[in-house]
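Chemist: If it helps, the file is called input-v5.cif and holds mmCIF, C-alpha atoms:
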```cif
data_target
#
loop_
_atom_site.group_PDB
_atom_site.id
_atom_site.type_symbol
_atom_site.label_atom_id
_atom_site.label_comp_id
_atom_site.auth_asym_id
_atom_site.auth_seq_id
_atom_site.Cartn_x
_atom_site.Cartn_y
_atom_site.Cartn_z
ATOM 1 C CA MET A 1 28.444 9.685 9.503
ATOM 2 C CA GLY A 2 30.671 9.852 12.502
ATOM 3 C CA ALA A 3 32.659 12.841 13.747
ATOM 4 C CA GLY A 4 35.525 13.855 11.556
ATOM 5 C CA HIS A 5 33.672 13.227 8.310
ATOM 6 C CA CYS A 6 32.524 16.090 6.154
ATOM 7 C CA THR A 7 30.186 15.443 3.273
ATOM 8 C CA ILE A 8 30.965 17.710 0.323
ATOM 9 C CA SER A 9 28.257 16.601 -2.043
ATOM 10 C CA ALA A 10 25.624 13.989 -1.373
ATOM 11 C CA PHE A 11 27.517 10.848 -2.362
ATOM 12 C CA SER A 12 30.112 11.728 -4.905
ATOM 13 C CA MET A 13 33.015 12.652 -2.694
ATOM 14 C CA VAL A 14 33.805 12.516 0.983
ATOM 15 C CA THR A 15 36.554 14.473 2.682
ATOM 16 C CA THR A 16 37.948 12.486 5.559
ATOM 17 C CA LEU A 17 39.967 13.971 8.332
ATOM 18 C CA ARG A 18 42.278 11.382 9.790
ATOM 19 C CA THR A 19 44.210 11.924 12.986
ATOM 20 C CA ARG A 20 47.312 9.814 13.260
ATOM 21 C CA LYS A 21 49.243 8.753 16.337
ATOM 22 C CA THR A 22 51.676 11.555 15.669
ATOM 23 C CA GLY A 23 48.932 14.054 16.292
ATOM 24 C CA ARG A 24 49.165 15.435 12.747
ATOM 25 C CA ALA A 25 45.987 15.662 10.769
ATOM 26 C CA SER A 26 45.825 14.952 7.064
ATOM 27 C CA LEU A 27 43.060 15.518 4.581
ATOM 28 C CA SER A 28 42.293 12.867 2.011
ATOM 29 C CA LEU A 29 39.615 12.670 -0.630
ATOM 30 C CA VAL A 30 37.864 9.361 -1.002
ATOM 31 C CA VAL A 31 35.209 8.532 -3.534
ATOM 32 C CA GLY A 32 31.913 7.776 -1.803
ATOM 33 C CA ARG A 33 29.621 4.969 -2.874
ATOM 34 C CA ASP A 34 26.643 5.471 -5.053
ATOM 35 C CA PRO A 35 23.474 5.060 -2.947
ATOM 36 C CA GLN A 36 21.652 3.405 -5.829
ATOM 37 C CA ALA A 37 24.295 0.682 -5.885
ATOM 38 C CA THR A 38 23.943 0.092 -2.144
ATOM 39 C CA SER A 39 22.594 -3.307 -1.175
ATOM 40 C CA ASN A 40 19.381 -3.587 0.824
ATOM 41 C CA ALA A 41 21.396 -4.848 3.801
ATOM 42 C CA ASP A 42 23.629 -1.740 3.804
ATOM 43 C CA LEU A 43 20.557 0.409 3.353
ATOM 44 C CA ALA A 44 18.947 -1.188 6.400
ATOM 45 C CA ARG A 45 22.129 -0.619 8.420
ATOM 46 C CA GLY A 46 22.123 3.006 7.290
ATOM 47 C CA LEU A 47 18.503 3.399 8.402
ATOM 48 C CA ILE A 48 19.226 1.848 11.783
ATOM 49 C CA ALA A 49 22.141 4.268 12.191
ATOM 50 C CA GLY A 50 19.775 7.139 11.299
ATOM 51 C CA GLU A 51 21.672 8.181 8.158
ATOM 52 C CA GLU A 52 19.922 10.847 6.087
ATOM 53 C CA TRP A 53 20.927 9.334 2.731
ATOM 54 C CA ALA A 54 19.395 5.996 3.756
ATOM 55 C CA ILE A 55 15.977 7.589 4.336
ATOM 56 C CA SER A 56 16.035 9.211 0.916
ATOM 57 C CA GLU A 57 17.305 6.094 -0.854
ATOM 58 C CA THR A 58 14.781 3.794 0.873
ATOM 59 C CA TRP A 59 11.990 6.095 -0.236
ATOM 60 C CA HIS A 60 13.187 6.275 -3.836
ATOM 61 C CA ARG A 61 13.854 2.549 -4.026
ATOM 62 C CA PHE A 62 10.594 1.235 -2.574
ATOM 63 C CA ALA A 63 8.012 4.044 -2.713
ATOM 64 C CA PRO A 64 7.118 3.673 -6.434
ATOM 65 C CA ARG A 65 6.225 0.016 -5.929
ATOM 66 C CA VAL A 66 4.358 0.685 -2.673
ATOM 67 C CA LEU A 67 2.418 3.556 -4.281
ATOM 68 C CA THR A 68 1.387 1.465 -7.286
ATOM 69 C CA MET A 69 0.386 -1.494 -5.139
ATOM 70 C CA ALA A 70 -1.619 0.736 -2.767
ATOM 71 C CA GLU A 71 -3.333 2.502 -5.663
ATOM 72 C CA ARG A 72 -4.298 -0.788 -7.250
ATOM 73 C CA ALA A 73 -5.586 -2.093 -3.925
ATOM 74 C CA VAL A 74 -7.627 0.918 -2.805
ATOM 75 C CA GLY A 75 -8.368 2.415 -6.229
ATOM 76 C CA SER A 76 -7.339 5.965 -5.338
ATOM 77 C CA ARG A 77 -4.047 7.778 -5.950
ATOM 78 C CA CYS A 78 -4.626 10.322 -3.134
ATOM 79 C CA GLU A 79 -5.345 7.596 -0.627
ATOM 80 C CA ALA A 80 -2.344 5.616 -1.886
ATOM 81 C CA GLU A 81 -0.072 8.618 -1.229
ATOM 82 C CA ASP A 82 -1.343 8.894 2.343
ATOM 83 C CA LEU A 83 -0.846 5.167 2.813
ATOM 84 C CA ALA A 84 2.728 5.338 1.465
ATOM 85 C CA GLN A 85 3.490 8.063 4.021
ATOM 86 C CA GLU A 86 2.179 5.850 6.789
ATOM 87 C CA VAL A 87 4.093 2.812 5.496
ATOM 88 C CA PHE A 88 7.463 4.565 5.414
ATOM 89 C CA TYR A 89 6.841 6.299 8.715
ATOM 90 C CA GLN A 90 6.342 2.858 10.258
ATOM 91 C CA VAL A 91 9.361 1.451 8.404
ATOM 92 C CA PHE A 92 11.673 4.164 9.757
ATOM 93 C CA ARG A 93 10.262 3.864 13.278
ATOM 94 C CA ASN A 94 10.524 0.072 13.410
ATOM 95 C CA VAL A 95 13.599 -0.654 11.321
ATOM 96 C CA ALA A 96 15.663 -1.256 14.464
ATOM 97 C CA SER A 97 13.576 -4.390 15.066
ATOM 98 C CA LEU A 98 14.702 -5.857 11.719
ATOM 99 C CA ARG A 99 16.826 -8.889 12.591
ATOM 100 C CA GLU A 100 18.139 -9.604 9.098
ATOM 101 C CA PRO A 101 19.103 -6.419 7.234
ATOM 102 C CA GLU A 102 19.040 -8.380 3.933
ATOM 103 C CA SER A 103 15.271 -8.712 4.232
ATOM 104 C CA LEU A 104 14.576 -4.959 4.122
ATOM 105 C CA ARG A 105 12.534 -5.339 0.935
ATOM 106 C CA SER A 106 10.129 -7.887 2.399
ATOM 107 C CA PHE A 107 10.042 -5.869 5.638
ATOM 108 C CA VAL A 108 8.839 -2.787 3.715
ATOM 109 C CA TYR A 109 6.280 -4.745 1.687
ATOM 110 C CA SER A 110 4.894 -6.604 4.680
ATOM 111 C CA ILE A 111 4.328 -3.266 6.457
ATOM 112 C CA ALA A 112 2.780 -1.877 3.258
ATOM 113 C CA LEU A 113 0.343 -4.782 3.014
ATOM 114 C CA ARG A 114 -0.553 -4.505 6.696
ATOM 115 C CA VAL A 115 -1.248 -0.780 6.342
ATOM 116 C CA VAL A 116 -3.328 -1.274 3.167
ATOM 117 C CA ARG A 117 -5.317 -4.101 4.744
ATOM 118 C CA LEU A 118 -5.995 -1.999 7.830
ATOM 119 C CA GLN A 119 -7.171 0.858 5.612
ATOM 120 C CA LEU A 120 -9.540 -1.462 3.731
ATOM 121 C CA ARG A 121 -10.968 -2.653 7.037
ATOM 122 C CA ARG A 122 -11.414 0.915 8.237
ATOM 123 C CA ARG A 123 -13.214 1.883 5.032
ATOM 124 C CA ARG A 124 -15.548 -1.079 5.345
ATOM 125 C CA LEU A 125 -16.306 -0.223 8.939
ATOM 126 C CA ARG A 126 -16.880 3.435 8.065
ATOM 127 C CA ALA A 127 -19.237 2.485 5.240
ATOM 128 C CA TRP A 128 -21.107 0.112 7.534
ATOM 129 C CA LEU A 129 -21.445 2.749 10.243
ATOM 130 C CA LEU A 130 -22.679 5.395 7.800
ATOM 131 C CA PHE A 131 -25.062 3.012 5.982
ATOM 132 C CA GLN A 132 -23.196 3.617 2.707
ATOM 133 C CA GLY A 133 -23.073 1.319 -0.289
ATOM 134 C CA PRO A 134 -19.797 0.106 -1.811
ATOM 135 C CA GLU A 135 -20.066 2.569 -4.725
ATOM 136 C CA SER A 136 -19.709 5.535 -2.387
ATOM 137 C CA LEU A 137 -16.223 4.368 -1.331
ATOM 138 C CA VAL A 138 -14.770 4.583 -4.818
ATOM 139 C CA ASP A 139 -12.925 7.802 -5.543
ATOM 140 C CA SER A 140 -12.755 8.120 -9.322
ATOM 141 C CA ARG A 141 -11.767 11.820 -9.495
ATOM 142 C CA HIS A 142 -8.052 11.194 -10.024
ATOM 143 C CA TRP A 143 -8.402 8.851 -13.001
ATOM 144 C CA SER A 144 -7.406 10.772 -16.087
ATOM 145 C CA LEU A 145 -9.387 8.496 -18.374
ATOM 146 C CA ASP A 146 -12.315 8.841 -20.722
ATOM 147 C CA LEU A 147 -15.807 8.636 -19.283
ATOM 148 C CA GLU A 148 -16.400 5.020 -20.284
ATOM 149 C CA SER A 149 -13.103 3.769 -18.843
ATOM 150 C CA ARG A 150 -13.723 5.666 -15.639
ATOM 151 C CA GLU A 151 -17.187 4.156 -15.319
ATOM 152 C CA LEU A 152 -15.714 0.714 -15.946
ATOM 153 C CA LEU A 153 -13.109 1.135 -13.233
ATOM 154 C CA ARG A 154 -15.607 2.657 -10.818
ATOM 155 C CA LYS A 155 -17.885 -0.336 -11.225
ATOM 156 C CA PHE A 156 -15.003 -2.783 -10.867
ATOM 157 C CA TYR A 157 -13.734 -1.141 -7.668
ATOM 158 C CA ALA A 158 -17.294 -1.018 -6.331
ATOM 159 C CA LEU A 159 -17.365 -4.808 -6.734
ATOM 160 C CA LEU A 160 -13.989 -5.143 -5.026
ATOM 161 C CA GLU A 161 -15.336 -3.078 -2.102
ATOM 162 C CA ARG A 162 -17.852 -5.864 -1.479
ATOM 163 C CA LEU A 163 -15.114 -8.430 -0.871
ATOM 164 C CA PRO A 164 -13.609 -8.940 2.585
ATOM 165 C CA PRO A 165 -10.248 -7.061 2.877
ATOM 166 C CA ARG A 166 -8.078 -10.183 2.891
ATOM 167 C CA ASP A 167 -9.686 -11.748 -0.175
ATOM 168 C CA ARG A 168 -9.654 -8.422 -1.966
ATOM 169 C CA LEU A 169 -5.952 -7.919 -1.266
ATOM 170 C CA VAL A 170 -5.109 -11.459 -2.355
ATOM 171 C CA PHE A 171 -7.053 -10.960 -5.598
ATOM 172 C CA VAL A 172 -5.406 -7.583 -6.279
ATOM 173 C CA LEU A 173 -1.890 -8.897 -5.659
ATOM 174 C CA ARG A 174 -2.440 -12.049 -7.687
ATOM 175 C CA ARG A 175 -4.434 -10.717 -10.630
ATOM 176 C CA ILE A 176 -3.801 -6.961 -10.837
ATOM 177 C CA ASP A 177 -0.247 -6.879 -9.448
ATOM 178 C CA ALA A 178 0.612 -10.202 -11.196
ATOM 179 C CA MET A 179 2.379 -11.770 -8.204
ATOM 180 C CA THR A 180 2.733 -15.539 -7.908
ATOM 181 C CA VAL A 181 0.810 -17.513 -5.274
ATOM 182 C CA GLU A 182 4.052 -18.064 -3.350
ATOM 183 C CA GLU A 183 4.915 -14.369 -3.414
ATOM 184 C CA VAL A 184 1.437 -13.406 -2.197
ATOM 185 C CA ALA A 185 1.626 -16.023 0.550
ATOM 186 C CA ALA A 186 5.028 -14.798 1.727
ATOM 187 C CA ALA A 187 4.065 -11.117 1.570
ATOM 188 C CA MET A 188 0.805 -11.592 3.452
ATOM 189 C CA ASP A 189 2.143 -14.177 5.873
ATOM 190 C CA LEU A 190 -0.394 -16.786 4.736
ATOM 191 C CA SER A 191 -0.067 -20.359 3.529
ATOM 192 C CA ALA A 192 -0.230 -21.049 -0.226
ATOM 193 C CA SER A 193 -3.444 -23.031 0.236
ATOM 194 C CA THR A 194 -5.072 -20.099 2.078
ATOM 195 C CA VAL A 195 -4.107 -17.808 -0.800
ATOM 196 C CA LYS A 196 -5.640 -20.243 -3.303
ATOM 197 C CA ARG A 197 -8.789 -20.537 -1.206
ATOM 198 C CA SER A 198 -9.043 -16.747 -1.000
ATOM 199 C CA MET A 199 -8.568 -16.500 -4.762
ATOM 200 C CA LEU A 200 -11.280 -19.085 -5.357
ATOM 201 C CA TYR A 201 -13.673 -17.221 -3.092
ATOM 202 C CA ALA A 202 -12.891 -13.823 -4.638
ATOM 203 C CA THR A 203 -13.052 -15.105 -8.222
ATOM 204 C CA ASN A 204 -16.367 -16.886 -7.675
ATOM 205 C CA ARG A 205 -17.911 -13.884 -5.995
ATOM 206 C CA LEU A 206 -16.671 -11.370 -8.566
ATOM 207 C CA SER A 207 -17.733 -13.586 -11.477
ATOM 208 C CA ARG A 208 -21.214 -13.918 -10.014
ATOM 209 C CA TRP A 209 -21.530 -10.159 -9.439
ATOM 210 C CA ILE A 210 -20.293 -9.347 -12.943
ATOM 211 C CA GLU A 211 -22.758 -11.874 -14.357
ATOM 212 C CA ALA A 212 -25.572 -10.199 -12.423
ATOM 213 C CA ASP A 213 -24.622 -6.683 -13.561
ATOM 214 C CA ARG A 214 -25.769 -6.456 -17.171
ATOM 215 C CA THR A 215 -24.510 -2.879 -17.666
ATOM 216 C CA LEU A 216 -21.017 -3.780 -16.560
ATOM 217 C CA LYS A 217 -20.990 -6.904 -18.663
ATOM 218 C CA GLU A 218 -22.002 -4.961 -21.762
ATOM 219 C CA LEU A 219 -19.464 -2.247 -21.025
ATOM 220 C CA VAL A 220 -16.666 -4.837 -20.751
ATOM 221 C CA ARG A 221 -17.731 -6.710 -23.861
ATOM 222 C CA GLY A 222 -18.139 -3.510 -25.861
ATOM 223 C CA ARG A 223 -14.743 -2.235 -24.844
ATOM 224 C CA PHE A 224 -12.556 -5.318 -24.883
ATOM 225 C CA THR A 225 -14.033 -7.333 -27.684
ATOM 226 C CA ALA A 226 -14.098 -4.309 -30.010
ATOM 227 C CA ALA A 227 -10.390 -3.615 -29.387
ATOM 228 C CA MET B 1 -5.804 -27.021 -5.141
ATOM 229 C CA ASN B 2 -5.721 -25.503 -8.600
ATOM 230 C CA GLU B 3 -6.601 -21.893 -9.236
ATOM 231 C CA PRO B 4 -10.109 -21.338 -10.569
ATOM 232 C CA PRO B 5 -10.649 -20.419 -14.228
ATOM 233 C CA GLU B 6 -11.633 -16.794 -14.633
ATOM 234 C CA PRO B 7 -14.410 -15.537 -16.889
ATOM 235 C CA PRO B 8 -13.021 -13.312 -19.684
ATOM 236 C CA GLU B 9 -14.841 -10.234 -18.321
ATOM 237 C CA LEU B 10 -13.095 -10.522 -14.963
ATOM 238 C CA ARG B 11 -9.715 -11.085 -16.602
ATOM 239 C CA ALA B 12 -10.233 -8.060 -18.831
ATOM 240 C CA LEU B 13 -11.264 -5.864 -15.903
ATOM 241 C CA ALA B 14 -8.290 -6.952 -13.788
ATOM 242 C CA GLY B 15 -5.932 -6.259 -16.682
ATOM 243 C CA PHE B 16 -7.485 -2.855 -17.241
ATOM 244 C CA ALA B 17 -7.204 -1.926 -13.533
ATOM 245 C CA SER B 18 -3.568 -2.989 -13.679
ATOM 246 C CA THR B 19 -2.767 -0.553 -16.479
ATOM 247 C CA ALA B 20 -4.846 2.289 -15.005
ATOM 248 C CA ALA B 21 -2.430 2.797 -12.099
ATOM 249 C CA LYS B 22 0.335 4.960 -13.525
ATOM 250 C CA PRO B 23 3.815 4.959 -11.955
ATOM 251 C CA ALA B 24 4.560 7.865 -9.638
ATOM 252 C CA SER B 25 6.366 10.815 -11.203
ATOM 253 C CA GLU B 26 9.634 12.268 -9.856
ATOM 254 C CA MET B 27 7.735 15.288 -8.583
ATOM 255 C CA GLN B 28 5.237 13.161 -6.666
ATOM 256 C CA LEU B 29 8.079 11.196 -5.124
ATOM 257 C CA ALA B 30 9.958 14.345 -4.115
ATOM 258 C CA ARG B 31 6.800 15.818 -2.585
ATOM 259 C CA GLY B 32 6.129 12.596 -0.701
ATOM 260 C CA LEU B 33 9.675 12.482 0.664
ATOM 261 C CA ASN B 34 9.433 16.082 1.883
ATOM 262 C CA SER B 35 6.157 15.375 3.694
ATOM 263 C CA LEU B 36 7.657 12.291 5.259
ATOM 264 C CA ARG B 37 10.736 14.183 6.472
ATOM 265 C CA LEU B 38 8.483 16.847 7.961
ATOM 266 C CA ARG B 39 6.473 14.205 9.775
ATOM 267 C CA LEU B 40 9.578 12.472 11.069
ATOM 268 C CA SER B 41 10.982 15.750 12.375
ATOM 269 C CA ARG B 42 7.717 16.589 14.169
ATOM 270 C CA GLU B 43 7.210 13.272 15.871
ATOM 271 C CA ARG B 44 6.720 13.158 19.609
ATOM 272 C CA PRO B 45 6.832 10.164 21.949
ATOM 273 C CA THR B 46 3.448 8.493 22.110
ATOM 274 C CA ARG B 47 1.649 7.977 25.368
ATOM 275 C CA LYS B 48 0.942 4.393 26.321
ATOM 276 C CA ARG B 49 -2.715 4.616 27.148
ATOM 277 C CA VAL B 50 -5.985 3.759 25.464
ATOM 278 C CA PRO B 51 -6.785 6.599 23.043
ATOM 279 C CA ARG B 52 -10.070 8.373 23.602
ATOM 280 C CA TRP B 53 -11.176 7.983 19.979
ATOM 281 C CA SER B 54 -11.102 4.192 20.249
ATOM 282 C CA ILE B 55 -13.592 4.310 23.137
ATOM 283 C CA ILE B 56 -15.841 6.643 21.137
ATOM 284 C CA VAL B 57 -15.607 4.396 18.046
ATOM 285 C CA LEU B 58 -16.365 1.303 20.135
ATOM 286 C CA GLY B 59 -19.416 3.037 21.624
ATOM 287 C CA LEU B 60 -20.549 4.053 18.163
ATOM 288 C CA VAL B 61 -20.110 0.528 16.792
ATOM 289 C CA ILE B 62 -22.186 -0.950 19.632
ATOM 290 C CA PHE B 63 -24.839 1.745 19.130
ATOM 291 C CA VAL B 64 -25.127 1.110 15.383
ATOM 292 C CA ALA B 65 -25.102 -2.679 15.858
ATOM 293 C CA LEU B 66 -27.978 -2.399 18.351
ATOM 294 C CA GLY B 67 -29.795 -0.048 15.966
ATOM 295 C CA ARG B 68 -29.381 -2.450 13.067
ATOM 296 C CA ALA B 69 -30.533 -5.377 15.189
ATOM 297 C CA ALA B 70 -33.589 -3.409 16.319
ATOM 298 C CA LEU B 71 -34.430 -2.458 12.730
ATOM 299 C CA SER B 72 -34.150 -6.056 11.552
ATOM 300 C CA PHE B 73 -36.815 -7.128 14.063
ATOM 301 C CA ARG B 74 -39.381 -4.672 12.721
#
```
For the file at hand, write its structure as structure tokens.
Modeler:
Amino acid sequence: MGAGHCTISAFSMVTTLRTRKTGRASLSLVVGRDPQATSNADLARGLIAGEEWAISETWHRFAPRVLTMAERAVGSRCEAEDLAQEVFYQVFRNVASLREPESLRSFVYSIALRVVRLQLRRRRLRAWLLFQGPESLVDSRHWSLDLESRELLRKFYALLERLPPRDRLVFVLRRIDAMTVEEVAAAMDLSASTVKRSMLYATNRLSRWIEADRTLKELVRGRFTAA
Amino acid sequence: MNEPPEPPELRALAGFASTAAKPASEMQLARGLNSLRLRLSRERPTRKRVPRWSIIVLGLVIFVALGRAALSFR
């Protein structure tokens, strides 16, 4: 907001002080716009201008999706919250470099995917340095599920930990997040054929590992065929 | 290139992982926004030099790689 504007409540009403050529000042009440109805382009312009409402609205508009995607990718709610903080910190710091304000959504998601991928790489490196197995990377404390479901998820995420970060992220976005090949390709800045190749690699590997793990196979069959 | 067929176990596991991630509550979102605002208000300009931790990590990586290579020759 520029000088001469006084915000009464967040977005409902704005009191504007207008100075005319005569030198007389008049007060007029104008109805402000609803931030939820703001387009992504206006939101991006608000962020570039450093508007407080834009920060709040960007968070509320995109954070739920980023949090869910990060949780599905890393398998931990706590870690996903930390990652979301990092994602939006980077978004607010780098939003001035956004050439097309209309593409704010893809800008946020591309940063989110970059941050998640970097985190997966870091975890892999940390596990390699500390001689840890993939099971040790899975944090199952936050899952408010029954013991069997938790064990199932823990085993599944332990298998995902064995995949390279790019293939893992492609698999998660395609199969767990239900994105199309084109959407995954655009979000990760890859070609559609690379996404399909990554999917093929991830699916083959995961299928083989599930086949080799009799306990997991029985757990899945017992749970999903009985239902 | 067509997408590969998935075994039913993998499909079931992926579907289950998809439903396990619950949407964030209003309280979680509000808490996250507060933390973010705090971080944004505390930020300082970063120095443009190689951070010390990266040198330490690089040294550690080389050390462990050499250790692993040595162990594999035993």
Chemist: Taking 3 positions as the minimum chain separation for residues in the same chain, which residues sit within 12 Å of Gln28 of chain B when counting all atoms listed in the file? Answer as number ranges by chain.
Modeler: A: 59-60, 63-64, 67, 77-78, 80-82, 84-85; B: 22-25, 31-35
Chemist: Could you give me, as number ranges by chain, the residues within 12 Å of Leu47 of chain A, counting only C-alpha atoms and dropping anything in the same chain fewer than 2 positions from it?
Modeler: A: 1, 40-45, 49-59, 88, 91-98, 101, 104
Chemist: Could you list the residues in chain B lying within 9 Å of chain A, using all atoms listed in the file, and format the result as an MDAnalysis selection string?
Modeler: chainID B and resid 1:7 9:25 28:30 32:33 35:37 39:40 60:61 64:65
Chemist: Hey, can you check how far atom CA of Arg124 of chain A sits from atom CA of Arg105 of chain A?
Modeler: 28.7 Å
Chemist: So the first atom is atom CA of Leu159 of chain A and the second is atom CA of Arg122 of chain A; what is the distance between them in Å, to one decimal place?
Modeler: 17.1 Å
Chemist: How many Å separate atom CA of Arg162 of chain A from atom CA of Phe62 of chain A?
Modeler: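 Atom CA of Phe62 of chain A lies at a distance of 29.3 Å from atom CA of Arg162 of chain A.
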Chemist: With only C-alpha atoms as the basis for distance, which of A:Thr215, A:Gln132, A:Ser198, A:Ser106 is at the shortest distance from Ala186 of chain A?
Modeler: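 Of the candidates, the smallest distance to Ala186 of chain A is held by A:Ser106.
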